[in-house]
>>> print(open('model_14.cif').read())   # mmCIF, N, CA, C and O atoms
data_model
#
loop_
_atom_site.label_atom_id
_atom_site.label_comp_id
_atom_site.auth_asym_id
_atom_site.auth_seq_id
_atom_site.Cartn_x
_atom_site.Cartn_y
_atom_site.Cartn_z
N MET A 782 4.21 13.50 16.05
CA MET A 782 4.61 12.18 15.59
C MET A 782 6.00 12.26 14.98
O MET A 782 6.28 13.12 14.16
N GLU A 783 6.86 11.36 15.36
CA GLU A 783 8.24 11.36 14.86
C GLU A 783 8.29 10.89 13.41
O GLU A 783 7.49 10.08 12.98
N PRO A 784 9.25 11.41 12.63
CA PRO A 784 9.40 10.94 11.25
C PRO A 784 9.67 9.44 11.21
O PRO A 784 10.31 8.89 12.10
N ASN A 785 9.15 8.78 10.19
CA ASN A 785 9.33 7.33 9.98
C ASN A 785 8.69 6.48 11.07
O ASN A 785 9.07 5.34 11.25
N SER A 786 7.75 7.02 11.83
CA SER A 786 7.06 6.22 12.84
C SER A 786 5.65 5.90 12.34
O SER A 786 5.04 6.67 11.61
N LEU A 787 5.16 4.74 12.73
CA LEU A 787 3.83 4.29 12.36
C LEU A 787 3.00 4.11 13.61
O LEU A 787 3.51 3.71 14.65
N LYS A 788 1.69 4.38 13.48
CA LYS A 788 0.79 4.20 14.60
C LYS A 788 -0.54 3.71 14.07
O LYS A 788 -1.05 4.23 13.07
N TRP A 789 -1.10 2.69 14.70
CA TRP A 789 -2.39 2.18 14.28
C TRP A 789 -3.45 3.24 14.50
O TRP A 789 -3.41 4.00 15.46
N VAL A 790 -4.45 3.28 13.62
CA VAL A 790 -5.59 4.19 13.77
C VAL A 790 -6.79 3.34 14.17
O VAL A 790 -7.14 2.39 13.49
N GLY A 791 -7.42 3.70 15.27
CA GLY A 791 -8.58 2.95 15.75
C GLY A 791 -8.18 1.69 16.49
O GLY A 791 -7.00 1.35 16.62
N SER A 792 -9.18 0.98 16.96
CA SER A 792 -8.92 -0.26 17.69
C SER A 792 -8.74 -1.41 16.70
O SER A 792 -9.03 -1.29 15.52
N SER A 793 -8.26 -2.52 17.22
CA SER A 793 -8.06 -3.69 16.35
C SER A 793 -9.41 -4.20 15.85
O SER A 793 -10.45 -3.97 16.47
N CYS A 794 -9.38 -4.88 14.71
CA CYS A 794 -10.62 -5.38 14.12
C CYS A 794 -10.68 -6.90 14.09
O CYS A 794 -11.62 -7.47 13.55
N GLY A 795 -9.67 -7.57 14.65
CA GLY A 795 -9.69 -9.02 14.67
C GLY A 795 -8.44 -9.61 15.27
O GLY A 795 -7.39 -8.95 15.34
N LEU A 796 -8.56 -10.84 15.74
CA LEU A 796 -7.45 -11.59 16.31
C LEU A 796 -7.43 -12.98 15.70
O LEU A 796 -8.49 -13.57 15.48
N HIS A 797 -6.24 -13.49 15.43
CA HIS A 797 -6.10 -14.86 14.96
C HIS A 797 -4.72 -15.35 15.37
O HIS A 797 -3.71 -14.82 14.89
N GLY A 798 -4.67 -16.33 16.25
CA GLY A 798 -3.39 -16.82 16.74
C GLY A 798 -2.58 -15.67 17.32
O GLY A 798 -3.09 -14.88 18.12
N PRO A 799 -1.32 -15.54 16.89
CA PRO A 799 -0.48 -14.47 17.44
C PRO A 799 -0.64 -13.12 16.72
O PRO A 799 0.14 -12.21 16.95
N TYR A 800 -1.65 -12.99 15.87
CA TYR A 800 -1.79 -11.78 15.05
C TYR A 800 -2.97 -10.92 15.48
O TYR A 800 -4.05 -11.42 15.77
N ILE A 801 -2.76 -9.60 15.45
CA ILE A 801 -3.80 -8.62 15.72
C ILE A 801 -3.98 -7.82 14.43
O ILE A 801 -3.00 -7.29 13.88
N PHE A 802 -5.21 -7.72 13.94
CA PHE A 802 -5.48 -7.06 12.66
C PHE A 802 -6.06 -5.66 12.86
O PHE A 802 -6.79 -5.41 13.82
N TYR A 803 -5.72 -4.77 11.92
CA TYR A 803 -6.16 -3.37 11.98
C TYR A 803 -6.68 -2.92 10.62
O TYR A 803 -6.43 -3.57 9.60
N LYS A 804 -7.37 -1.77 10.60
CA LYS A 804 -7.95 -1.24 9.36
C LYS A 804 -7.18 -0.06 8.79
O LYS A 804 -7.36 0.28 7.62
N ALA A 805 -6.34 0.60 9.59
CA ALA A 805 -5.63 1.79 9.09
C ALA A 805 -4.42 2.09 9.96
O ALA A 805 -4.33 1.62 11.10
N PHE A 806 -3.49 2.87 9.41
CA PHE A 806 -2.36 3.34 10.18
C PHE A 806 -2.02 4.76 9.79
O PHE A 806 -2.38 5.24 8.72
N LYS A 807 -1.34 5.45 10.70
CA LYS A 807 -0.94 6.84 10.51
C LYS A 807 0.58 6.88 10.43
O LYS A 807 1.25 6.17 11.18
N PHE A 808 1.10 7.70 9.52
CA PHE A 808 2.55 7.84 9.39
C PHE A 808 2.86 9.27 8.98
O PHE A 808 1.98 10.02 8.56
N THR A 809 4.11 9.66 9.11
CA THR A 809 4.53 10.99 8.69
C THR A 809 5.43 10.86 7.47
O THR A 809 6.38 10.10 7.48
N GLY A 810 5.09 11.57 6.42
CA GLY A 810 5.87 11.58 5.19
C GLY A 810 5.92 12.99 4.64
O GLY A 810 4.90 13.69 4.63
N ASP A 811 7.07 13.41 4.20
CA ASP A 811 7.25 14.77 3.66
C ASP A 811 6.81 15.84 4.66
O ASP A 811 6.25 16.86 4.28
N GLY A 812 7.00 15.55 5.95
CA GLY A 812 6.69 16.54 6.97
C GLY A 812 5.24 16.65 7.37
O GLY A 812 4.88 17.50 8.18
N LYS A 813 4.35 15.80 6.81
CA LYS A 813 2.94 15.88 7.22
C LYS A 813 2.40 14.49 7.53
O LYS A 813 2.80 13.50 6.93
N ALA A 814 1.48 14.46 8.49
CA ALA A 814 0.87 13.19 8.90
C ALA A 814 -0.14 12.74 7.86
O ALA A 814 -0.88 13.54 7.31
N ARG A 815 -0.14 11.45 7.59
CA ARG A 815 -1.06 10.85 6.62
C ARG A 815 -1.64 9.57 7.20
O ARG A 815 -1.02 8.93 8.04
N ILE A 816 -2.80 9.19 6.69
CA ILE A 816 -3.44 7.95 7.10
C ILE A 816 -3.70 7.10 5.86
O ILE A 816 -4.20 7.60 4.85
N LEU A 817 -3.34 5.83 5.93
CA LEU A 817 -3.67 4.87 4.89
C LEU A 817 -4.57 3.81 5.50
O LEU A 817 -4.29 3.31 6.59
N ALA A 818 -5.65 3.48 4.79
CA ALA A 818 -6.61 2.48 5.27
C ALA A 818 -6.71 1.34 4.25
O ALA A 818 -6.30 1.50 3.09
N LEU A 819 -7.26 0.23 4.69
CA LEU A 819 -7.46 -0.91 3.79
C LEU A 819 -8.22 -0.46 2.55
O LEU A 819 -9.18 0.30 2.64
N GLY A 820 -7.76 -0.88 1.38
CA GLY A 820 -8.39 -0.52 0.12
C GLY A 820 -7.83 0.74 -0.51
O GLY A 820 -8.16 1.04 -1.66
N ASP A 821 -7.01 1.48 0.21
CA ASP A 821 -6.41 2.70 -0.35
C ASP A 821 -5.31 2.34 -1.35
O ASP A 821 -4.67 1.30 -1.24
N PHE A 822 -5.11 3.23 -2.31
CA PHE A 822 -4.08 3.08 -3.33
C PHE A 822 -2.98 4.10 -3.09
O PHE A 822 -3.25 5.21 -2.63
N PHE A 823 -1.74 3.72 -3.41
CA PHE A 823 -0.61 4.64 -3.27
C PHE A 823 0.50 4.19 -4.21
O PHE A 823 0.50 3.06 -4.69
N PHE A 824 1.42 5.10 -4.49
CA PHE A 824 2.55 4.78 -5.35
C PHE A 824 3.67 4.19 -4.51
O PHE A 824 3.91 4.63 -3.38
N VAL A 825 4.36 3.19 -5.06
CA VAL A 825 5.44 2.55 -4.32
C VAL A 825 6.52 2.08 -5.29
O VAL A 825 6.24 1.81 -6.46
N ARG A 826 7.73 2.04 -4.80
CA ARG A 826 8.86 1.49 -5.55
C ARG A 826 9.49 0.46 -4.62
O ARG A 826 9.91 0.78 -3.52
N CYS A 827 9.54 -0.80 -5.05
CA CYS A 827 10.04 -1.88 -4.18
C CYS A 827 11.54 -1.73 -3.89
O CYS A 827 11.97 -1.95 -2.77
N LYS A 828 12.31 -1.40 -4.90
CA LYS A 828 13.75 -1.14 -4.76
C LYS A 828 14.07 0.12 -5.56
O LYS A 828 13.34 0.45 -6.48
N PRO A 829 15.16 0.81 -5.23
CA PRO A 829 15.47 2.06 -5.94
C PRO A 829 15.55 1.90 -7.46
O PRO A 829 15.17 2.81 -8.20
N GLU A 830 16.01 0.76 -7.95
CA GLU A 830 16.15 0.58 -9.40
C GLU A 830 14.86 0.07 -10.06
O GLU A 830 14.78 -0.01 -11.29
N ASP A 831 13.83 -0.26 -9.28
CA ASP A 831 12.56 -0.75 -9.83
C ASP A 831 11.67 0.41 -10.29
O ASP A 831 11.77 1.52 -9.77
N PRO A 832 10.76 0.13 -11.23
CA PRO A 832 9.82 1.18 -11.66
C PRO A 832 8.78 1.44 -10.57
O PRO A 832 8.51 0.57 -9.73
N ILE A 833 8.19 2.60 -10.59
CA ILE A 833 7.11 2.92 -9.66
C ILE A 833 5.87 2.15 -10.10
O ILE A 833 5.58 2.04 -11.29
N CYS A 834 5.14 1.60 -9.13
CA CYS A 834 3.90 0.91 -9.44
C CYS A 834 2.82 1.41 -8.47
O CYS A 834 3.10 2.18 -7.55
N ILE A 835 1.61 0.98 -8.68
CA ILE A 835 0.49 1.33 -7.81
C ILE A 835 0.26 0.16 -6.87
O ILE A 835 0.22 -0.99 -7.30
N ALA A 836 0.11 0.45 -5.58
CA ALA A 836 -0.16 -0.58 -4.58
C ALA A 836 -1.54 -0.35 -3.98
O ALA A 836 -1.96 0.79 -3.79
N GLU A 837 -2.23 -1.44 -3.69
CA GLU A 837 -3.52 -1.39 -3.01
C GLU A 837 -3.34 -2.09 -1.66
O GLU A 837 -2.97 -3.26 -1.60
N LEU A 838 -3.59 -1.37 -0.59
CA LEU A 838 -3.41 -1.92 0.76
C LEU A 838 -4.47 -2.98 1.04
O LEU A 838 -5.67 -2.70 0.97
N GLN A 839 -4.04 -4.21 1.31
CA GLN A 839 -4.95 -5.34 1.47
C GLN A 839 -5.14 -5.78 2.92
O GLN A 839 -6.23 -6.18 3.31
N LEU A 840 -4.07 -5.74 3.71
CA LEU A 840 -4.12 -6.32 5.06
C LEU A 840 -3.10 -5.62 5.94
O LEU A 840 -1.99 -5.32 5.50
N LEU A 841 -3.47 -5.37 7.20
CA LEU A 841 -2.57 -4.77 8.19
C LEU A 841 -2.64 -5.61 9.46
O LEU A 841 -3.73 -5.91 9.94
N TRP A 842 -1.47 -5.99 9.99
CA TRP A 842 -1.48 -6.76 11.21
C TRP A 842 -0.20 -6.58 12.00
O TRP A 842 0.78 -6.08 11.50
N GLU A 843 -0.28 -6.99 13.26
CA GLU A 843 0.86 -6.92 14.16
C GLU A 843 1.06 -8.30 14.77
O GLU A 843 0.10 -8.96 15.17
N GLU A 844 2.30 -8.74 14.79
CA GLU A 844 2.64 -10.01 15.44
C GLU A 844 2.82 -9.70 16.92
O GLU A 844 3.64 -8.86 17.29
N ARG A 845 2.03 -10.34 17.79
CA ARG A 845 1.98 -9.99 19.21
C ARG A 845 3.30 -10.13 19.95
O ARG A 845 3.65 -9.25 20.73
N THR A 846 4.02 -11.21 19.73
CA THR A 846 5.23 -11.44 20.52
C THR A 846 6.38 -10.53 20.13
O THR A 846 7.07 -10.00 20.99
N SER A 847 6.58 -10.30 18.84
CA SER A 847 7.71 -9.47 18.40
C SER A 847 7.31 -8.00 18.23
O SER A 847 8.17 -7.15 18.02
N LYS A 848 5.99 -7.71 18.27
CA LYS A 848 5.47 -6.35 18.05
C LYS A 848 5.82 -5.83 16.65
O LYS A 848 5.88 -4.63 16.41
N GLN A 849 6.08 -6.75 15.72
CA GLN A 849 6.41 -6.36 14.34
C GLN A 849 5.13 -5.96 13.61
O GLN A 849 4.14 -6.67 13.62
N LEU A 850 5.16 -4.78 12.96
CA LEU A 850 4.03 -4.27 12.19
C LEU A 850 4.17 -4.75 10.75
O LEU A 850 5.22 -4.58 10.14
N LEU A 851 3.12 -5.33 10.20
CA LEU A 851 3.19 -5.95 8.88
C LEU A 851 2.03 -5.49 8.00
O LEU A 851 0.97 -5.11 8.50
N SER A 852 2.25 -5.54 6.68
CA SER A 852 1.18 -5.20 5.74
C SER A 852 1.30 -6.07 4.50
O SER A 852 2.36 -6.61 4.20
N SER A 853 0.20 -6.16 3.80
CA SER A 853 0.17 -6.88 2.52
C SER A 853 -0.51 -5.96 1.51
O SER A 853 -1.56 -5.38 1.80
N SER A 854 0.10 -5.82 0.34
CA SER A 854 -0.45 -4.96 -0.71
C SER A 854 -0.45 -5.69 -2.03
O SER A 854 0.43 -6.50 -2.31
N LYS A 855 -1.44 -5.39 -2.85
CA LYS A 855 -1.49 -5.90 -4.22
C LYS A 855 -0.80 -4.86 -5.10
O LYS A 855 -1.10 -3.66 -5.00
N LEU A 856 0.13 -5.30 -5.93
CA LEU A 856 0.89 -4.38 -6.78
C LEU A 856 0.38 -4.43 -8.22
O LEU A 856 0.12 -5.50 -8.76
N TYR A 857 0.27 -3.25 -8.82
CA TYR A 857 -0.17 -3.12 -10.21
C TYR A 857 0.96 -2.48 -11.01
O TYR A 857 1.37 -1.36 -10.73
N PHE A 858 1.46 -3.22 -12.01
CA PHE A 858 2.55 -2.74 -12.87
C PHE A 858 2.04 -2.48 -14.28
O PHE A 858 1.12 -3.16 -14.74
N LEU A 859 2.66 -1.55 -14.97
CA LEU A 859 2.40 -1.39 -16.40
C LEU A 859 3.00 -2.59 -17.12
O LEU A 859 4.03 -3.12 -16.69
N PRO A 860 2.38 -3.05 -18.20
CA PRO A 860 2.92 -4.22 -18.91
C PRO A 860 4.39 -4.06 -19.30
O PRO A 860 5.16 -5.00 -19.23
N GLU A 861 4.81 -2.85 -19.71
CA GLU A 861 6.20 -2.66 -20.12
C GLU A 861 7.18 -2.78 -18.96
O GLU A 861 8.38 -2.91 -19.16
N ASP A 862 6.68 -2.77 -17.72
CA ASP A 862 7.54 -2.93 -16.55
C ASP A 862 7.59 -4.37 -16.04
O ASP A 862 8.07 -4.63 -14.95
N THR A 863 7.07 -5.32 -16.82
CA THR A 863 7.12 -6.73 -16.48
C THR A 863 8.14 -7.44 -17.37
O THR A 863 8.52 -6.90 -18.42
N PRO A 864 8.60 -8.62 -16.99
CA PRO A 864 9.59 -9.34 -17.82
C PRO A 864 9.10 -9.61 -19.24
O PRO A 864 9.88 -9.57 -20.18
N GLN A 865 7.80 -9.85 -19.45
CA GLN A 865 7.28 -10.13 -20.78
C GLN A 865 7.10 -8.85 -21.61
O GLN A 865 7.05 -8.92 -22.82
N GLY A 866 6.98 -7.70 -20.96
CA GLY A 866 6.80 -6.44 -21.67
C GLY A 866 5.40 -6.26 -22.21
O GLY A 866 4.54 -7.14 -22.08
N ARG A 867 5.15 -5.12 -22.81
CA ARG A 867 3.84 -4.83 -23.41
C ARG A 867 3.71 -5.58 -24.73
O ARG A 867 4.64 -5.63 -25.51
N SER A 868 2.55 -6.15 -24.96
CA SER A 868 2.28 -6.82 -26.23
C SER A 868 1.11 -6.12 -26.91
O SER A 868 0.45 -5.25 -26.33
N VAL A 869 0.82 -6.51 -28.13
CA VAL A 869 -0.28 -5.92 -28.89
C VAL A 869 -1.60 -6.14 -28.16
O VAL A 869 -2.49 -5.29 -28.20
N ALA A 870 -1.73 -7.26 -27.46
CA ALA A 870 -2.97 -7.57 -26.75
C ALA A 870 -3.26 -6.60 -25.62
O ALA A 870 -4.41 -6.45 -25.20
N HIS A 871 -2.24 -5.91 -25.11
CA HIS A 871 -2.44 -4.97 -24.00
C HIS A 871 -3.09 -3.68 -24.45
O HIS A 871 -3.69 -2.97 -23.67
N GLY A 872 -2.93 -3.34 -25.72
CA GLY A 872 -3.47 -2.08 -26.21
C GLY A 872 -2.71 -0.89 -25.64
O GLY A 872 -1.62 -1.03 -25.11
N GLU A 873 -3.30 0.28 -25.75
CA GLU A 873 -2.68 1.50 -25.24
C GLU A 873 -3.70 2.26 -24.42
O GLU A 873 -4.89 2.23 -24.71
N VAL A 874 -3.21 2.97 -23.42
CA VAL A 874 -4.07 3.79 -22.58
C VAL A 874 -3.62 5.23 -22.72
O VAL A 874 -2.47 5.55 -22.48
N GLY A 875 -4.53 6.07 -23.13
CA GLY A 875 -4.25 7.51 -23.20
C GLY A 875 -4.78 8.19 -21.95
O GLY A 875 -5.55 7.60 -21.19
N MET A 876 -4.40 9.42 -21.74
CA MET A 876 -4.85 10.14 -20.56
C MET A 876 -6.37 10.23 -20.50
O MET A 876 -6.96 10.15 -19.44
N SER A 877 -7.04 10.34 -21.64
CA SER A 877 -8.50 10.44 -21.62
C SER A 877 -9.14 9.09 -21.30
O SER A 877 -10.31 9.04 -20.94
N ASP A 878 -8.37 7.99 -21.42
CA ASP A 878 -8.90 6.65 -21.15
C ASP A 878 -8.63 6.19 -19.72
O ASP A 878 -9.08 5.14 -19.33
N SER A 879 -7.88 6.96 -18.96
CA SER A 879 -7.47 6.53 -17.63
C SER A 879 -8.55 6.79 -16.60
O SER A 879 -9.24 7.80 -16.64
N LEU A 880 -8.68 5.87 -15.66
CA LEU A 880 -9.63 6.03 -14.57
C LEU A 880 -9.01 5.43 -13.32
O LEU A 880 -8.58 4.28 -13.31
N PHE A 881 -8.93 6.22 -12.25
CA PHE A 881 -8.45 5.74 -10.97
C PHE A 881 -9.57 5.91 -9.96
O PHE A 881 -10.16 6.98 -9.87
N ILE A 882 -9.85 4.86 -9.22
CA ILE A 882 -10.89 4.91 -8.21
C ILE A 882 -10.23 4.68 -6.87
O ILE A 882 -9.53 3.70 -6.66
N SER A 883 -10.46 5.61 -5.95
CA SER A 883 -9.88 5.49 -4.61
C SER A 883 -10.68 6.31 -3.64
O SER A 883 -11.22 7.36 -3.99
N ARG A 884 -10.76 5.83 -2.43
CA ARG A 884 -11.41 6.61 -1.38
C ARG A 884 -10.47 7.67 -0.86
O ARG A 884 -10.89 8.66 -0.31
N ASN A 885 -9.17 7.42 -0.98
CA ASN A 885 -8.18 8.34 -0.43
C ASN A 885 -6.94 8.28 -1.27
O ASN A 885 -6.23 7.30 -1.27
N PHE A 886 -6.65 9.33 -2.01
CA PHE A 886 -5.47 9.34 -2.86
C PHE A 886 -4.37 10.11 -2.17
O PHE A 886 -4.57 11.23 -1.72
N THR A 887 -3.21 9.51 -2.04
CA THR A 887 -2.07 10.13 -1.36
C THR A 887 -1.01 10.48 -2.38
O THR A 887 -0.59 9.65 -3.17
N TYR A 888 -0.56 11.72 -2.37
CA TYR A 888 0.50 12.17 -3.29
C TYR A 888 1.83 11.83 -2.74
O TYR A 888 2.11 11.84 -1.62
#
>>> encode(input="model_14.cif", output="structure tokens")
Amino acid sequence: MEPNSLKWVGSSCGLHGPYIFYKAFKFTGDGKARILALGDFFFVRCKPEDPICIAELQLLWEERTSKQLLSSSKLYFLPEDTPQGRSVAHGEVGMSDSLFISRNFTY
């Protein structure tokens, strides 16, 4: 697999208008092939100057006419990385209080 290339994993799981939906894709990062599926969590930075956040993969689809591959993810930011910042109501999370649930964690 070539670097920076994406490939759907498995057959499509639905069709709606010009869109074909999928459950997972394979890509190469840091020299090794990886698979991300719906519901998986991963670290992402939207722009180089933005903070790193956690993303949850929600939807994968391809537009039939343009063959454009698309995805939708839910982003989770720390309160201090939002315009309002952390407030007293947010409390604090220590390492012993942290819990991450994922079927597939990608470094």
>>> residues_around(input="model_14.cif", residues="Ser786 (chain A)", least_positions_apart="4", cutoff="10 Å", atoms="only C-alpha atoms", output="list in words")
Met782, Lys807, Phe808, Thr809 and Gly810 of chain A
>>> resolve_selection(input="model_14.cif", expression="the PyMOL selection byres ((chain A and resi 832-844) around 4.5)", output="PyMOL selection string")
chain A and resi 799-803+819-826+830-831+845-857
>>> atom_distance(input="model_14.cif", atom1="CA of Pro829 (chain A)", atom2="CA of Pro864 (chain A)")
17.5 Å
>>> atom_distance(input="model_14.cif", atom1="CA of Ser793 (chain A)", atom2="atom C of Leu817 (chain A)")
13.6 Å
>>> atom_distance(input="model_14.cif", atom1="atom N of Ser792 (chain A)", atom2="atom O of Phe806 (chain A)")
11.5 Å
>>> select_by_dssp(input="model_14.cif", residues="chain A", states="strand (DSSP E)", output="count of residues only")
46
>>> select_by_dssp(input="model_14.cif", residues="chain A", states="helix (DSSP H, G or I)", output="PyMOL selection string")
chain A and resi 860-862+869-871+876-878
